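Enquirer: For reference, this is my_file-v8.txt, and it has compact mmCIF, C-alpha atoms.
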```txt
# COMPACT_ATOMS: atom_id res chain seq x y z
CA MET S 239 223.18 130.10 20.35
CA ALA S 240 220.30 130.94 22.68
CA VAL S 241 219.19 128.63 25.49
CA ASN S 242 215.76 127.07 25.05
CA PRO S 243 213.69 128.56 27.90
CA GLU S 244 211.72 125.34 28.35
CA ASN S 245 214.57 122.85 28.14
CA PHE S 246 216.20 122.56 31.52
CA ASP S 247 218.55 119.60 30.89
CA GLN S 248 221.72 121.67 31.08
CA LEU S 249 220.49 123.55 34.10
CA LEU S 250 219.69 120.31 35.94
CA LYS S 251 223.21 119.06 35.18
CA LEU S 252 224.61 122.26 36.61
CA LEU S 253 222.38 122.02 39.68
CA ALA S 254 223.92 118.61 40.35
CA LEU S 255 226.97 120.56 41.43
CA LYS S 256 225.08 121.56 44.57
CA ARG S 257 225.00 117.94 45.66
CA HIS S 258 228.81 117.90 45.72
CA GLU S 259 229.01 120.75 48.23
CA GLN S 260 230.02 119.25 51.56
CA PRO S 261 230.69 120.79 54.99
CA PRO S 262 234.17 120.33 56.54
CA PRO S 263 235.19 116.68 57.17
CA GLY S 264 233.92 115.30 60.47
CA TYR S 265 231.26 118.00 60.75
CA PHE S 266 228.35 115.57 61.06
CA ASP S 267 230.22 113.38 63.59
CA GLN S 268 229.93 116.21 66.10
CA PHE S 269 226.64 117.76 65.01
CA ALA S 270 224.18 115.50 66.87
CA ARG S 271 226.29 115.63 70.04
CA GLY S 272 226.32 119.44 69.81
CA VAL S 273 222.52 119.52 69.63
CA ILE S 274 222.20 117.22 72.66
CA VAL S 275 224.72 119.28 74.65
CA ARG S 276 222.77 122.45 73.89
CA LEU S 277 219.52 120.73 74.83
CA LYS S 278 220.99 119.56 78.16
CA ALA S 279 222.35 123.03 78.85
CA GLY S 280 218.92 124.48 78.11
CA GLU S 281 217.21 121.97 80.40
CA ALA S 282 219.71 122.66 83.18
CA LYS S 283 219.08 126.38 82.81
CA ARG S 284 215.36 125.80 82.98
CA GLU S 285 215.71 123.58 86.06
CA SER S 286 217.85 126.15 87.89
CA TRP S 287 215.28 128.83 87.06
CA LEU S 288 212.58 126.67 88.59
CA ALA S 289 214.75 126.02 91.65
CA ASP S 290 215.16 129.77 92.07
CA ILE S 291 211.42 130.21 92.28
CA GLY S 292 211.50 127.78 95.20
CA GLU S 293 208.82 125.49 96.50
CA GLU S 294 206.07 127.37 94.74
CA ALA S 295 207.28 126.00 91.42
CA SER S 296 207.02 122.40 92.55
CA TRP S 297 203.29 122.52 93.33
CA LEU S 298 202.71 124.72 90.30
CA GLN S 299 204.54 122.15 88.19
CA LYS S 300 202.46 119.34 89.68
CA ILE S 301 199.22 121.15 88.89
CA TRP S 302 200.45 121.95 85.40
CA SER S 303 201.49 118.37 84.67
CA LEU S 304 198.17 117.13 86.06
CA LEU S 305 196.25 119.52 83.80
CA GLU S 306 198.42 118.56 80.87
CA ALA S 307 197.83 114.88 81.41
CA LYS S 308 194.04 115.16 81.81
CA PRO S 309 192.37 117.61 79.42
CA VAL S 310 188.97 117.05 81.10
CA LEU S 311 190.43 118.29 84.34
CA ALA S 312 191.91 121.29 82.53
CA GLY S 313 188.45 122.05 81.09
CA ALA S 314 186.80 121.76 84.49
CA PHE S 315 189.47 123.99 86.01
CA GLY S 316 188.89 126.57 83.28
CA ALA S 317 185.11 126.45 83.81
CA ALA S 318 185.55 126.86 87.57
CA VAL S 319 187.80 129.88 87.11
CA SER S 320 185.33 131.42 84.63
CA GLY S 321 182.42 130.79 87.04
CA LEU S 322 184.31 132.41 89.88
CA LEU S 323 185.08 135.43 87.72
CA LEU S 324 181.44 135.75 86.66
CA ALA S 325 180.23 135.45 90.27
CA GLY S 326 182.70 138.13 91.29
CA ILE S 327 181.47 140.50 88.58
CA ILE S 328 177.81 139.98 89.54
CA TYR S 329 178.58 140.49 93.24
CA ALA S 330 180.54 143.66 92.50
CA GLN S 331 177.66 145.05 90.40
CA ARG S 332 175.21 144.44 93.27
CA LEU S 333 177.45 146.37 95.63
CA GLU S 334 177.82 149.29 93.27
CA LEU S 335 174.10 149.71 92.45
CA PRO S 336 172.08 150.56 95.65
CA SER S 337 168.28 151.26 95.48
CA PRO S 338 167.55 154.68 93.89
CA THR S 339 165.71 156.17 97.00
CA ALA S 340 167.94 154.84 99.75
CA GLY S 341 170.06 157.54 101.43
CA ALA S 342 169.21 160.22 98.85
CA PRO S 343 168.58 163.82 100.12
CA PRO S 344 164.99 165.17 99.87
CA PRO S 345 164.34 166.95 96.58
CA GLU S 346 164.45 170.78 96.73
CA GLU S 347 162.36 173.26 94.77
CA PHE S 348 164.41 175.43 92.46
CA VAL S 349 163.20 178.96 91.57
CA LEU S 350 164.72 180.72 88.60
CA ALA S 351 165.91 184.29 89.38
CA PRO S 352 164.96 187.08 86.89
CA PRO S 353 167.79 187.87 84.46
CA THR S 354 169.93 190.95 85.17
CA ARG S 355 170.30 193.84 82.63
CA ALA S 356 173.83 192.80 81.66
CA VAL S 357 172.72 189.30 80.95
CA GLU S 358 169.73 190.56 78.95
CA ALA S 359 172.02 192.76 76.79
CA ASP S 360 174.45 189.95 76.28
CA GLN S 361 171.65 187.58 75.33
CA SER S 362 170.21 190.03 72.76
CA ALA S 363 173.69 190.59 71.27
CA SER S 364 174.39 186.92 70.99
CA ALA S 365 170.95 186.39 69.48
CA LEU S 366 171.67 189.02 66.86
CA LEU S 367 175.08 187.58 66.13
CA ALA S 368 173.63 184.15 65.83
CA SER S 369 170.76 185.15 63.53
CA SER S 370 172.61 187.63 61.30
CA THR S 371 174.63 186.48 58.33
CA ASN S 372 176.39 189.84 58.20
CA PRO S 373 177.25 190.95 61.71
CA VAL S 374 179.34 193.90 60.40
CA ILE S 375 176.21 195.95 59.60
CA ASN S 376 174.74 195.29 62.98
CA PRO S 377 173.87 198.74 64.42
CA VAL S 378 173.66 197.54 67.99
CA VAL S 379 177.08 197.28 69.57
CA PRO S 380 176.97 195.10 72.64
CA ALA S 381 178.42 196.38 75.86
CA GLY S 382 181.96 195.14 76.04
CA LEU S 383 184.66 194.95 78.63
CA PHE S 384 186.73 197.79 77.08
CA ASP S 385 183.94 200.32 76.51
CA GLY S 386 185.35 202.77 79.04
CA VAL S 387 188.87 202.72 77.63
CA ARG S 388 189.62 205.45 75.10
CA LEU S 389 192.64 204.85 72.92
CA LYS S 390 194.44 207.93 71.67
CA ALA S 391 196.99 207.78 68.87
CA GLU S 392 199.97 210.13 69.15
CA PRO S 393 202.63 210.69 66.44
CA VAL S 394 206.09 209.56 67.38
CA SER S 395 209.15 211.35 66.06
CA LEU S 396 212.46 209.59 65.89
CA LYS S 397 215.62 211.57 65.69
CA LEU S 398 218.50 209.74 64.12
CA GLU S 399 221.88 211.22 64.75
CA ASN S 400 224.59 210.69 62.22
CA LYS S 401 227.95 210.09 63.73
CA MET G 149 209.32 116.93 32.95
CA PRO G 150 210.59 113.76 34.60
CA ASP G 151 210.17 113.42 38.34
CA PRO G 152 213.09 112.31 40.45
CA ALA G 153 213.70 108.71 41.41
CA ARG G 154 212.00 109.14 44.76
CA GLU G 155 208.56 109.19 43.17
CA LYS G 156 206.75 105.86 43.25
CA ALA G 157 206.90 103.62 40.22
CA PRO G 158 203.58 102.14 39.02
CA GLU G 159 204.70 98.52 39.44
CA SER G 160 207.09 97.29 42.11
CA SER G 161 209.71 94.65 41.43
CA PRO G 162 211.07 92.33 44.21
CA PRO G 163 213.98 94.65 45.11
CA GLU G 164 211.52 97.53 45.35
CA LYS G 165 209.25 95.45 47.59
CA ALA G 166 212.23 94.71 49.82
CA ALA G 167 213.06 98.42 49.88
CA ALA G 168 209.45 99.25 50.75
CA ALA G 169 209.50 96.70 53.58
CA GLY G 170 212.75 98.22 54.81
CA ALA G 171 211.22 101.68 54.69
CA ASN G 172 208.20 100.44 56.64
CA HIS G 173 210.45 98.92 59.28
CA SER G 174 212.37 102.17 59.42
CA ALA G 175 209.12 104.13 59.88
CA VAL G 176 208.14 101.91 62.81
CA GLN G 177 211.57 102.39 64.33
CA GLU G 178 211.25 106.12 63.80
CA LEU G 179 207.89 106.23 65.56
CA ASP G 180 209.41 104.36 68.49
CA LEU G 181 212.29 106.84 68.62
CA VAL G 182 209.85 109.74 68.57
CA LYS G 183 207.82 108.23 71.42
CA ARG G 184 210.94 107.70 73.52
CA ALA G 185 212.25 111.19 72.75
CA ARG G 186 208.89 112.65 73.72
CA ARG G 187 209.29 111.03 77.14
CA GLY G 188 212.60 112.88 77.52
CA ASN G 189 214.99 110.21 76.25
CA LEU G 190 217.81 112.24 74.74
CA GLU G 191 219.59 109.16 73.34
CA ALA G 192 216.57 108.41 71.20
CA TYR G 193 216.47 112.01 70.06
CA GLU G 194 220.18 111.93 69.22
CA GLU G 195 219.44 109.00 66.94
CA LEU G 196 216.71 111.02 65.22
CA VAL G 197 219.09 113.94 64.78
CA ARG G 198 221.68 111.60 63.20
CA ARG G 199 219.08 110.36 60.75
CA TYR G 200 218.12 113.76 59.43
CA GLN G 201 221.07 116.06 60.17
CA GLU G 202 222.57 115.86 56.68
CA ARG G 203 219.33 116.55 54.83
CA ILE G 204 218.29 119.37 57.17
CA TYR G 205 221.72 120.96 57.07
CA ALA G 206 221.92 120.67 53.29
CA THR G 207 218.48 122.21 52.75
CA ILE G 208 219.31 125.18 54.95
CA TYR G 209 222.77 125.51 53.43
CA HIS G 210 221.42 125.55 49.86
CA MET G 211 218.92 128.20 50.91
CA THR G 212 221.46 130.46 52.65
CA SER G 213 224.69 129.67 50.74
CA ASN G 214 226.42 130.16 54.08
CA HIS G 215 227.92 127.38 56.20
CA GLU G 216 227.87 129.25 59.54
CA ASP G 217 224.24 130.31 59.15
CA ALA G 218 223.27 126.80 58.09
CA ASN G 219 225.04 125.32 61.11
CA ASP G 220 223.23 127.65 63.55
CA LEU G 221 219.85 127.23 61.91
CA ALA G 222 220.14 123.45 61.70
CA GLN G 223 221.01 123.20 65.39
CA GLU G 224 218.16 125.55 66.31
CA THR G 225 215.79 123.50 64.17
CA PHE G 226 216.55 120.32 66.09
CA ILE G 227 216.35 122.11 69.44
CA LYS G 228 213.00 123.66 68.55
CA ALA G 229 211.73 120.32 67.28
CA TYR G 230 212.66 118.58 70.54
CA ARG G 231 210.79 121.19 72.57
CA ALA G 232 207.79 120.94 70.27
CA LEU G 233 207.73 117.13 70.17
CA LYS G 234 204.57 117.04 72.28
CA SER G 235 202.73 118.89 69.53
CA PHE G 236 203.79 116.31 66.92
CA LYS G 237 200.60 114.32 66.33
CA GLY G 238 201.98 111.91 63.77
CA SER G 239 199.56 113.00 61.02
CA SER G 240 202.60 113.54 58.79
CA SER G 241 205.95 111.79 58.96
CA PHE G 242 208.50 113.08 61.43
CA TYR G 243 210.68 113.80 58.44
CA THR G 244 208.08 116.15 56.86
CA TRP G 245 207.38 117.74 60.21
CA ILE G 246 211.00 118.57 60.98
CA TYR G 247 211.57 119.74 57.41
CA ARG G 248 208.71 122.20 57.87
CA ILE G 249 210.31 123.57 61.04
CA ALA G 250 213.65 123.97 59.24
CA VAL G 251 212.05 125.68 56.24
CA ASN G 252 210.03 128.14 58.35
CA LYS G 253 213.04 128.97 60.47
CA THR G 254 215.20 129.53 57.40
CA ILE G 255 212.68 131.70 55.60
CA ASN G 256 212.21 133.86 58.71
CA PHE G 257 215.97 134.19 59.01
CA LEU G 258 216.36 135.14 55.34
CA LYS G 259 213.65 137.79 55.65
CA GLN G 260 215.52 139.37 58.55
CA ARG G 261 218.91 139.39 56.84
CA ARG G 262 217.59 140.56 53.47
CA HIS G 263 220.33 143.14 53.03
CA ARG G 264 223.21 140.94 54.14
CA THR G 265 223.97 138.20 51.66
CA GLN G 266 227.49 137.07 52.33
CA MET G 267 228.24 133.66 50.87
CA SER G 268 230.40 131.17 52.74
CA LEU G 269 230.41 128.14 50.49
CA ASP G 270 231.22 124.58 51.41
CA ASP G 271 233.98 122.84 49.49
CA LEU G 272 233.16 120.57 46.60
CA ASP G 273 233.91 116.93 47.20
CA SER G 274 236.41 115.09 45.03
CA ASN G 275 233.64 113.33 43.08
CA ALA G 276 232.65 116.61 41.45
CA GLU G 277 235.79 116.58 39.29
CA HIS G 278 234.85 113.15 37.92
CA ASP G 279 231.19 113.91 37.28
CA PRO G 280 230.93 113.63 33.47
CA ASP G 281 228.08 116.16 33.25
CA LEU G 282 230.00 118.74 35.18
CA VAL G 283 233.21 118.06 33.29
CA ALA G 284 231.29 118.60 30.06
CA LEU G 285 229.91 121.88 31.36
CA ILE G 286 233.31 123.30 32.15
CA SER G 287 235.09 122.06 29.03
CA GLU G 288 234.01 122.16 25.43
CA LYS G 289 230.29 122.87 25.91
CA THR G 290 230.62 126.27 27.56
CA PRO G 291 232.00 129.29 25.79
CA ARG G 292 233.85 130.09 29.02
CA HIS G 293 236.63 127.52 28.70
CA GLU G 294 238.54 129.07 31.55
CA ALA G 295 235.66 128.46 33.96
CA ASN G 296 236.51 125.97 36.67
CA LEU G 297 234.26 124.16 39.08
CA ALA G 298 234.79 126.66 41.90
CA GLU G 299 233.77 129.56 39.66
CA LEU G 300 230.77 127.63 38.44
CA GLN G 301 229.79 126.90 42.04
CA GLU G 302 230.00 130.58 42.95
CA LYS G 303 227.95 131.67 39.93
CA LEU G 304 225.34 129.01 40.62
CA ASN G 305 224.98 130.05 44.27
CA ALA G 306 224.80 133.72 43.32
CA ALA G 307 222.05 132.94 40.82
CA MET G 308 220.18 130.93 43.44
CA GLN G 309 220.34 133.85 45.85
CA LYS G 310 218.62 136.04 43.25
CA LEU G 311 215.49 133.87 43.43
CA SER G 312 212.77 134.61 45.95
CA GLU G 313 212.74 132.28 48.98
CA PRO G 314 209.76 130.14 47.87
CA HIS G 315 211.23 129.70 44.37
CA ARG G 316 214.67 128.86 45.72
CA LEU G 317 213.16 126.39 48.16
CA VAL G 318 211.32 124.53 45.42
CA VAL G 319 214.51 124.22 43.38
CA VAL G 320 216.47 123.00 46.41
CA LEU G 321 213.87 120.45 47.46
CA HIS G 322 213.11 119.15 43.98
CA ASP G 323 216.18 119.57 41.80
CA VAL G 324 218.86 119.21 44.46
CA HIS G 325 217.27 116.87 47.03
CA GLY G 326 214.97 115.04 44.65
CA LEU G 327 211.80 115.27 46.73
CA PRO G 328 208.54 114.60 44.88
CA HIS G 329 206.05 117.41 44.25
CA ASP G 330 203.49 116.16 46.79
CA GLU G 331 206.07 115.98 49.57
CA ILE G 332 207.19 119.53 48.75
CA ALA G 333 203.57 120.69 48.78
CA LYS G 334 203.18 119.28 52.31
CA ILE G 335 206.39 120.91 53.50
CA MET G 336 205.52 124.27 51.96
CA ASP G 337 201.86 124.02 52.91
CA CYS G 338 200.60 124.74 49.39
CA ASN G 339 199.10 122.70 46.55
CA ILE G 340 200.99 120.66 43.96
CA GLY G 341 200.08 123.06 41.14
CA THR G 342 201.78 125.89 43.00
CA VAL G 343 204.88 123.75 43.45
CA ARG G 344 204.99 122.96 39.73
CA SER G 345 204.50 126.56 38.62
CA ARG G 346 207.09 127.84 41.08
CA LEU G 347 209.56 125.24 39.89
CA PHE G 348 209.04 126.15 36.25
CA TYR G 349 209.42 129.87 36.91
CA ALA G 350 212.47 129.38 39.14
CA ARG G 351 214.20 127.23 36.51
CA GLN G 352 213.53 129.85 33.86
CA GLN G 353 215.00 132.53 36.09
CA LEU G 354 218.07 130.44 36.86
CA GLN G 355 218.55 129.62 33.22
CA ALA G 356 218.49 133.32 32.36
CA HIS G 357 221.00 134.18 35.09
CA LEU G 358 223.34 131.37 34.05
CA SER G 359 222.97 131.59 30.29
CA ASP G 360 226.74 132.10 29.81
CA TYR G 361 227.40 128.72 31.36
CA LEU G 362 224.59 126.77 29.70
CA LYS G 363 225.00 125.95 26.04
```
Render the structure in this file as structure tokens.
Expert:
Amino acid sequence: MAVNPENFDQLLKLLALKRHEQPPPGYFDQFARGVIVRLKAGEAKRESWLADIGEEASWLQKIWSLLEAKPVLAGAFGAAVSGLLLAGIIYAQRLELPSPTAGAPPPEEFVLAPPTRAVEADQSASALLASSTNPVINPVVPAGLFDGVRLKAEPVSLKLENK
Amino acid sequence: MPDPAREKAPESSPPEKAAAAGANHSAVQELDLVKRARRGNLEAYEELVRRYQERIYATIYHMTSNHEDANDLAQETFIKAYRALKSFKGSSSFYTWIYRIAVNKTINFLKQRRHRTQMSLDDLDSNAEHDPDLVALISEKTPRHEANLAELQEKLNAAMQKLSEPHRLVVVLHDVHGLPHDEIAKIMDCNIGTVRSRLFYARQQLQAHLSDYLK
């Protein structure tokens, strides 16, 4: 007999079993105390951490509690800090950007030298290479670094001796 | 689909009015406890823990099917709640608020331990043996006559663990704890329609997993 997929009566009866699951006896008698002990231990840890920081923490704490208590004061403090930051940025920009003519060397006149032969050859070669779509058929071979070196192939004979 | 007894009845009889007045008084007391706890009064907070420890523990336990995990998570829930008391605005009840902390903590924990699902089940109380519905389930109505309550408990928990966390949570809050749909929607931060559809789907899944035991 198949179970009706939309009739959950039997399932709900079975789920009632979950309500009978109970932790070990006396568990809840100690639970709340355990939470409070852990909370106290945590607070003590926090207090000792603050004590380690020293006197700085006390005034920092006072300021923090003051800001926490009065949100208007916190807002004003935030605005003051932002204003200070903005003023600092503007002041720094003024220092970094002096007037364009102050302290600059007098402008010099630059004269371009005529190109040398090597440069001319190189320029024509690169112009050809750049304009040609088939540089292999280029009849002009540019002067290269290894023009003076002649490579000669010599046959090599290997004698293998059988032992 | 009948809602559990916690949902409000349309007309209230004198005993219900008395219960409502008691609940109101309790809410006022609770608010006072929260205020005192917020000022650092640990005695007041201990009282709040006592009020909700069983429900919070049970919710986490039914989600994890593990006593040790439930114990740790329940303690951490109350510790986190104490530290976050200043952020509690009172727009919802303290009960809903702390439930939400417990649920979020549990779901995060379950996501982390996805590949480790070791069950450590609590014992059944003696009343389970006398529950007529349960007795019927383990006797003539099931084809598994040899099934006892402990086996049934194990199968039920295993089937629950097969559900996704949101589906399991809806079953725990509604079918085990008897919370109404709107309360569950607040705790889970979703709408009532989502709660209803999740509940329907989760029940169907459970029914399929436990078909041998449901006849």
Enquirer: Counting all atoms listed in the file, which residues of chain G sit at most 8 Å from some atom of chain S, and what is each one's closest atom pair with its distance in Å to one decimal, listed by chain and rising residue number, as a Markdown table?
Expert:
```
| residue | atom | partner | partner_atom | distance |
| --- | --- | --- | --- | --- |
| G:Leu190 | CA | S:Ile274 | CA | 7.0 |
| G:Glu194 | CA | S:Ala270 | CA | 5.9 |
| G:Val197 | CA | S:Ala270 | CA | 5.7 |
| G:Arg198 | CA | S:Ala270 | CA | 5.9 |
| G:Gln201 | CA | S:Phe266 | CA | 7.4 |
| G:Glu202 | CA | S:Phe266 | CA | 7.3 |
| G:His210 | CA | S:Lys256 | CA | 7.6 |
| G:His215 | CA | S:Pro261 | CA | 7.3 |
| G:Gln223 | CA | S:Val273 | CA | 5.8 |
| G:Phe226 | CA | S:Val273 | CA | 7.0 |
| G:Ile227 | CA | S:Leu277 | CA | 6.4 |
| G:Leu269 | CA | S:Glu259 | CA | 7.9 |
| G:Asp270 | CA | S:Pro261 | CA | 5.2 |
| G:Asp271 | CA | S:Glu259 | CA | 5.5 |
| G:Leu272 | CA | S:Glu259 | CA | 4.5 |
| G:Asp273 | CA | S:His258 | CA | 5.4 |
| G:Asn275 | CA | S:His258 | CA | 7.2 |
| G:Ala276 | CA | S:His258 | CA | 5.9 |
| G:Asp281 | CA | S:Lys251 | CA | 6.0 |
| G:Leu282 | CA | S:Leu252 | CA | 6.6 |
| G:Leu285 | CA | S:Leu252 | CA | 7.5 |
| G:Gln301 | CA | S:Leu255 | CA | 7.0 |
| G:Leu304 | CA | S:Leu253 | CA | 7.6 |
| G:Asp323 | CA | S:Leu250 | CA | 6.9 |
| G:Val324 | CA | S:Arg257 | CA | 6.4 |
| G:His325 | CA | S:Arg257 | CA | 7.9 |
| G:Arg351 | CA | S:Phe246 | CA | 7.1 |
| G:Gln352 | CA | S:Pro243 | CA | 6.1 |
| G:Leu354 | CA | S:Leu249 | CA | 7.8 |
| G:Gln355 | CA | S:Leu249 | CA | 6.4 |
| G:Ser359 | CA | S:Val241 | CA | 6.8 |
| G:Leu362 | CA | S:Gln248 | CA | 6.0 |
| G:Lys363 | CA | S:Val241 | CA | 6.4 |
```
Enquirer: At what distance in Å, to one decimal, does CA of Tyr200 (chain G) lie from CA of Glu281 (chain S)?
Expert: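 Calculated distance between CA of Glu281 (chain S) and CA of Tyr200 (chain G) is 22.5 Å.
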Enquirer: Write out as a list in words the residues lying within 10 Å of Asn252 (chain G), counting all atoms listed in the file and excluding same-chain residues fewer than 5 positions away.
Expert: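 Those residues are Thr225, Ile246, Tyr247, Phe257, Leu258, Ile335 and Met336 of chain G.
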Enquirer: CA of Thr212 (chain G) and CA of Glu178 (chain G), how far apart in Å?
Expert: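 These two atoms are separated by 28.7 Å.
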Enquirer: CA of Tyr230 (chain G) and CA of Asn339 (chain G) are how many Å apart?
Expert: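 So the answer is 27.9 Å.
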Enquirer: Return the single residue from G:Ser239, G:Gln260, G:Thr254, G:Gln266 that is closest to Glu313 (chain G), with distances computed using all atoms listed in the file.
Expert: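 Nearest candidate to Glu313 (chain G) out of G:Ser239, G:Gln260, G:Thr254, G:Gln266: G:Thr254.
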Enquirer: Rank nothing, just name the residue among G:Ser241, G:Ser235, G:Thr207, G:Asn296 nearest to Tyr361 (chain G), using only C-alpha atoms.
Expert: G:Asn296
Enquirer: Show me, as a list in words, the residues that have an atom within 7 Å of region 305-312 of chain G when counting all atoms listed in the file, minus same-chain residues fewer than 3 positions from it.
Expert: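 Counting all atoms listed in the file, the residues come to Ser213, Gln301, Glu302, His315, Arg316, Ala350, Leu354 and His357 of chain G.
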Enquirer: Out of G:Ile332, G:Ile208, G:Val283, G:Leu321, which residue has the shortest atom-to-atom distance to Asn256 (chain G) when counting only C-alpha atoms?
Expert: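 Ranking G:Ile332, G:Ile208, G:Val283, G:Leu321 by distance to Asn256 (chain G), first place goes to G:Ile208.
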